[in-house]
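Undergrad: Let me give you the structure first, and then I'll get to my questions.
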Amino acid sequence: MSYAKRRFLCNFAPYFQFLGTKRIRLKNKVFSTAQGLPSFSVSVAPVMLLLGALAAVLVFLGPDAISEVSPYALLAASAASVVFTALTVGLSRRGMFLGFFRSARQIMPAIPMLIFIAVVSTTWMLSGVVPTLICYGLELLTPATFLVVCCLVCALISVLTGSSWSTIATIGVAFMGIGTVMGFHPGWVAGAIISGAYFGDKVSPLSDTTVVASSACGVDLFKHIRYLMLTAIPSMGVALVAFLVAGLCTETSSSVATAEILGALHATFNISPVTLVIPALTFTLIMFRVPTLLTLFLSGMFGLAGIFVFQGDLVELLGGASPKMISHLLWSETTFQTGHAVFDDLVTTGGISGMLSTIFLITCAMIFGTAMIGTGMLTSITSAIIWRLRNRISVVSSTVAGGLFLNCCTADQYLSIIIGGNMFRNVYRRVGLEPRLLSRTLEDSVSVTSVLIPWNSCGVTQSTVLGVSTLVYFPFCIFNYLSPLMSLLMALTGFKIKQVVGRRVAAPA
């Protein structure tokens, strides 16, 4: 066994404790395992099966079918990973339990959050909050600068709140409606919203992903934020220029069509600045760091109360105030038949039932993460790559690729950051690179790209909330896919990357 491989096993043996019946003796240390690791070729087979199935769906059925087929593709890939492992090295019940625990602990909290987001989307629409924001936005914003303003406002709110999910589920929905009425392609609007929200989330000291990334790599939070500004600001600058050019070049709807939408909104809802007390209360809760689930729940209750306080005529139109009407509004789809297709699509709400397919997809993604972690395939793939890394460029490139791969396998950004930090920490120490380079690269490759993967919890949630397929908005999320490329560019140039003197370990012959 080579020196590099022995050193790798010494560093990472604690993560293999549930993965084999063999006993590995290295430097007078003995590590017991429950089963052998699957080979690299066996381990990548389920991932290739999943990606191949989704590519075939994309080619033959189109991007809109991805959300329908993804759950079954994930289940098939999960079954394949279990079967391949059982046929080659055998399964470990302890390993599968540990894989389920790690995956479920990160993904399961997203399910009640999705339910509350569905309630917020429904009640904010029917209470007049979103219609009021759409009306004021159409009157104040110009099409030429709309995308830039949309991106900057979402970035500012996300910095102040530290949450991209809350930003997109509230002000993002309103911007989506404004952009739709103006005649922008849904991908451009969703791309501007997501780019701004994830930039703000990434650089905010209140963001949980930013805190997790700095903690997982042992870096001071504000040192981490200052260092990732070197990649975040150029990426955001390019994105804003692209949104400005798109706004100047896009043919928007005529003033007549916009006036028709405004008339329909005023005829259906009571448009008043008083309705904005609901988002004001919500942002107050966020600023006081009230837990996200409680904030979303209270926001939904504020919106529900606002339906009866601000929209009395609409309540009568929907059948009057009763427990049955309330349960129907929150659970089922609410549609309006005015004869204006754009308006009807704009104000239609899906309720909790409209979120069930998203919850099913997230559950399937959790099962796939369980299978990849519990069978040891994820460890086998990463171990085959990490111990060969020798220099700055290869280490950063592997971190970016590893972050994207973990986002695909675990379907959760938090789990990907934690695993990535544990995997690469000793590699950066061995090569003599600063820990803050690792934390920045993980943020660039994990946090902002999770929303681009159709079965990742972020991608599933944002595509459902905004009503735009992940593969439709993917090309327009300029900041999100520029961030990992900017990390690679910084590694190639060596800009502001310091070699830690005395920490580098000589590579084996």
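Residues in the structure tokens are numbered from 1 in each chain, the chains being A, B, ... in the order shown, and ligands are numbered from 1 in the order shown.
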Per DSSP on the backbone, filter segment 93-301 of chain A down to the residues in helix (DSSP H, G or I) and report them as a PyMOL selection string.

TA: chain A and resi 93-107+110-126+129-140+143-161+164-182+186-203+208-216+221-249+255-268+273-287+292-301

Undergrad: Nearest residue to Pro234 of chain A out of A:Leu485, A:Leu442, A:Leu492, A:Cys408, using only C-alpha atoms?

TA: A:Leu485

Undergrad: My list of candidates is A:Leu378, A:Val241, A:Val83, A:Val446. Which is closest to Leu404 of chain A when distances are computed with only C-alpha atoms?

TA: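 With only C-alpha atoms as the atom set, the closest residue is A:Val446.
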
Undergrad: Go through A:Pro484, A:Gly350, A:Thr252, A:Leu356 and flag the residue nearest Ala401 of chain A, using only C-alpha atoms for the distances.

TA: A:Pro484

Undergrad: In Å to one decimal, how far is atom CA of Thr410 of chain A from atom CA of Ser398 of chain A?

TA: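 Computing the Euclidean distance for atom CA of Ser398 of chain A and atom CA of Thr410 of chain A yields 17.3 Å.
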
Undergrad: When you look at Leu471 of chain A with a cut-off of 10 Å (counting only C-alpha atoms), what residues show up, excluding the ones that are within fewer than 4 positions of it in the same chain? I need them as a PDB file with N, CA, C and O atoms, in the first residue's frame.

TA:
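Done, and the output landed in part-v7.pdb:
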ATOM      1  N   LEU A  58     -35.016  14.235 -20.565  1.00  0.00           N
ATOM      2  CA  LEU A  58     -34.836  15.589 -21.087  1.00  0.00           C
ATOM      3  C   LEU A  58     -34.863  15.598 -22.615  1.00  0.00           C
ATOM      4  O   LEU A  58     -35.470  16.483 -23.233  1.00  0.00           O
ATOM      5  N   GLY A  62     -38.737  16.317 -22.712  1.00  0.00           N
ATOM      6  CA  GLY A  62     -38.626  17.742 -22.449  1.00  0.00           C
ATOM      7  C   GLY A  62     -38.398  18.041 -20.974  1.00  0.00           C
ATOM      8  O   GLY A  62     -38.597  17.179 -20.105  1.00  0.00           O
ATOM      9  N   PRO A  63     -37.981  19.276 -20.670  1.00  0.00           N
ATOM     10  CA  PRO A  63     -37.647  19.641 -19.279  1.00  0.00           C
ATOM     11  C   PRO A  63     -38.828  19.602 -18.327  1.00  0.00           C
ATOM     12  O   PRO A  63     -38.658  19.395 -17.130  1.00  0.00           O
ATOM     13  N   ASP A  64     -40.052  19.801 -18.834  1.00  0.00           N
ATOM     14  CA  ASP A  64     -41.212  19.817 -17.944  1.00  0.00           C
ATOM     15  C   ASP A  64     -41.495  18.450 -17.336  1.00  0.00           C
ATOM     16  O   ASP A  64     -42.155  18.351 -16.294  1.00  0.00           O
ATOM     17  N   ILE A  66     -39.206  16.391 -16.213  1.00  0.00           N
ATOM     18  CA  ILE A  66     -38.180  16.017 -15.240  1.00  0.00           C
ATOM     19  C   ILE A  66     -38.770  15.864 -13.844  1.00  0.00           C
ATOM     20  O   ILE A  66     -38.475  14.900 -13.120  1.00  0.00           O
ATOM     21  N   SER A  67     -39.604  16.822 -13.427  1.00  0.00           N
ATOM     22  CA  SER A  67     -40.163  16.784 -12.076  1.00  0.00           C
ATOM     23  C   SER A  67     -41.055  15.573 -11.862  1.00  0.00           C
ATOM     24  O   SER A  67     -41.160  15.057 -10.735  1.00  0.00           O
ATOM     25  N   GLY A 187     -37.925  32.225 -17.147  1.00  0.00           N
ATOM     26  CA  GLY A 187     -36.571  31.863 -16.762  1.00  0.00           C
ATOM     27  C   GLY A 187     -35.746  33.065 -16.354  1.00  0.00           C
ATOM     28  O   GLY A 187     -34.964  33.011 -15.395  1.00  0.00           O
ATOM     29  N   LEU A 452     -29.804  24.455  -8.544  1.00  0.00           N
ATOM     30  CA  LEU A 452     -29.770  24.107  -9.970  1.00  0.00           C
ATOM     31  C   LEU A 452     -30.001  22.626 -10.227  1.00  0.00           C
ATOM     32  O   LEU A 452     -30.112  22.223 -11.388  1.00  0.00           O
ATOM     33  N   ILE A 453     -30.087  21.814  -9.179  1.00  0.00           N
ATOM     34  CA  ILE A 453     -30.247  20.364  -9.328  1.00  0.00           C
ATOM     35  C   ILE A 453     -31.717  20.011  -9.118  1.00  0.00           C
ATOM     36  O   ILE A 453     -32.286  20.303  -8.059  1.00  0.00           O
ATOM     37  N   PRO A 454     -32.374  19.368 -10.096  1.00  0.00           N
ATOM     38  CA  PRO A 454     -33.830  19.171 -10.038  1.00  0.00           C
ATOM     39  C   PRO A 454     -34.319  18.397  -8.832  1.00  0.00           C
ATOM     40  O   PRO A 454     -35.436  18.622  -8.377  1.00  0.00           O
ATOM     41  N   GLY A 459     -33.530  22.939  -5.192  1.00  0.00           N
ATOM     42  CA  GLY A 459     -34.068  23.006  -6.541  1.00  0.00           C
ATOM     43  C   GLY A 459     -35.542  22.664  -6.595  1.00  0.00           C
ATOM     44  O   GLY A 459     -36.332  23.324  -7.293  1.00  0.00           O
ATOM     45  N   SER A 463     -38.288  25.733  -7.531  1.00  0.00           N
ATOM     46  CA  SER A 463     -39.045  25.537  -8.779  1.00  0.00           C
ATOM     47  C   SER A 463     -40.542  25.459  -8.495  1.00  0.00           C
ATOM     48  O   SER A 463     -41.359  25.949  -9.281  1.00  0.00           O
ATOM     49  N   PRO A 475     -30.374  28.158 -17.121  1.00  0.00           N
ATOM     50  CA  PRO A 475     -29.458  29.013 -17.901  1.00  0.00           C
ATOM     51  C   PRO A 475     -29.443  30.478 -17.456  1.00  0.00           C
ATOM     52  O   PRO A 475     -28.509  31.213 -17.797  1.00  0.00           O
ATOM     53  N   PHE A 476     -30.447  30.894 -16.695  1.00  0.00           N
ATOM     54  CA  PHE A 476     -30.574  32.301 -16.335  1.00  0.00           C
ATOM     55  C   PHE A 476     -30.099  32.601 -14.917  1.00  0.00           C
ATOM     56  O   PHE A 476     -30.062  33.765 -14.524  1.00  0.00           O
TER      57      PHE A 476
END

Undergrad: For Leu50 of chain A, please output as a list of chain:residue names all residues within 12 Å (counting only C-alpha atoms; exclusion window: fewer than 4 positions along the same chain).

TA: A:Val44, A:Ala45, A:Pro46, A:Leu54, A:Ala55, A:Ala56, A:Val57, A:Ile66, A:Val69, A:Ser70, A:Pro71, A:Tyr72, A:Ala73, A:Leu74, A:Leu75, A:Ala76, A:Ala77, A:Ser78, A:Ala79, A:Ala80, A:Ser81, A:Ala365, A:Phe368, A:Cys408, A:Cys409, A:Pro454, A:Trp455

Undergrad: Please determine, counting only C-alpha atoms, which residue among A:Ser166, A:Ser41, A:Phe269, A:Thr122 has the shortest atom-to-atom distance to Phe302 of chain A.

TA: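 Looking only at the distances to Phe302 of chain A, the closest residue turns out to be A:Thr122.
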
Undergrad: With distances taken over only C-alpha atoms, which of A:Val396, A:Ala239, A:Ile417, A:Val203 is nearest to Cys151 of chain A?

TA: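 Between A:Val396, A:Ala239, A:Ile417, A:Val203, the residue approaching Cys151 of chain A most closely is A:Ala239.
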
Undergrad: With only C-alpha atoms as the counted atoms, please give the residues lying no more than 12 Å from Val189 of chain A, apart from itself and same-chain residues fewer than 3 positions off, as a ChimeraX atom specification.

TA: /A:143,145-151,154,168,172-186,192-196,243,246-247,250,466-468,472-478

Undergrad: Take the residues from that selection and put them in a file with C-alpha atoms, as a JSON list (two decimals), in the first residue's frame.

TA:
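Output file part_34.json follows:
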[["chain", "number", "residue", "atom", "x", "y", "z"],
["A", 143, "PRO", "CA", -39.08, 46.94, -17.96],
["A", 145, "THR", "CA", -34.33, 47.97, -15.21],
["A", 146, "PHE", "CA", -36.77, 45.42, -13.80],
["A", 147, "LEU", "CA", -34.43, 42.40, -13.76],
["A", 148, "VAL", "CA", -31.60, 44.39, -12.15],
["A", 149, "VAL", "CA", -33.89, 45.88, -9.49],
["A", 150, "CYS", "CA", -35.42, 42.44, -8.87],
["A", 151, "CYS", "CA", -31.98, 40.89, -8.33],
["A", 154, "CYS", "CA", -33.78, 40.05, -3.41],
["A", 168, "ILE", "CA", -38.01, 33.71, -2.63],
["A", 172, "GLY", "CA", -39.76, 36.55, -4.97],
["A", 173, "VAL", "CA", -43.32, 35.42, -5.68],
["A", 174, "ALA", "CA", -44.40, 39.05, -6.10],
["A", 175, "PHE", "CA", -41.52, 39.78, -8.51],
["A", 176, "MET", "CA", -42.46, 36.65, -10.45],
["A", 177, "GLY", "CA", -45.96, 38.03, -10.93],
["A", 178, "ILE", "CA", -44.68, 41.45, -11.98],
["A", 179, "GLY", "CA", -42.26, 39.96, -14.51],
["A", 180, "THR", "CA", -44.95, 37.71, -15.94],
["A", 181, "VAL", "CA", -47.29, 40.65, -16.52],
["A", 182, "MET", "CA", -44.47, 42.69, -18.09],
["A", 183, "GLY", "CA", -43.90, 39.86, -20.58],
["A", 184, "PHE", "CA", -40.48, 38.59, -19.50],
["A", 185, "HIS", "CA", -39.53, 34.96, -20.05],
["A", 186, "PRO", "CA", -40.15, 33.11, -16.73],
["A", 192, "ALA", "CA", -32.80, 37.22, -11.30],
["A", 193, "ILE", "CA", -34.71, 36.30, -8.14],
["A", 194, "ILE", "CA", -32.58, 33.23, -7.39],
["A", 195, "SER", "CA", -29.28, 34.95, -8.22],
["A", 196, "GLY", "CA", -30.03, 37.82, -5.85],
["A", 243, "PHE", "CA", -29.75, 41.20, -16.45],
["A", 246, "ALA", "CA", -31.61, 41.34, -21.08],
["A", 247, "GLY", "CA", -33.97, 44.01, -19.77],
["A", 250, "THR", "CA", -36.49, 42.05, -24.21],
["A", 466, "LEU", "CA", -41.82, 30.16, -8.43],
["A", 467, "GLY", "CA", -43.72, 27.84, -10.76],
["A", 468, "VAL", "CA", -40.74, 27.48, -13.11],
["A", 472, "VAL", "CA", -36.00, 26.21, -17.45],
["A", 473, "TYR", "CA", -34.43, 28.72, -15.05],
["A", 474, "PHE", "CA", -31.00, 27.00, -14.99],
["A", 475, "PRO", "CA", -29.46, 29.01, -17.90],
["A", 476, "PHE", "CA", -30.57, 32.30, -16.34],
["A", 477, "CYS", "CA", -29.20, 31.78, -12.79],
["A", 478, "ILE", "CA", -26.00, 33.48, -13.86]]

Undergrad: Mind checking which residues fall within 12 Å of segment 271-276 of chain A, counting only C-alpha atoms, ignoring those fewer than 2 positions away in the same chain, and posting them as an MDAnalysis selection string?

TA: chainID A and resid 123:136 170:171 262:269 278:283 302:311
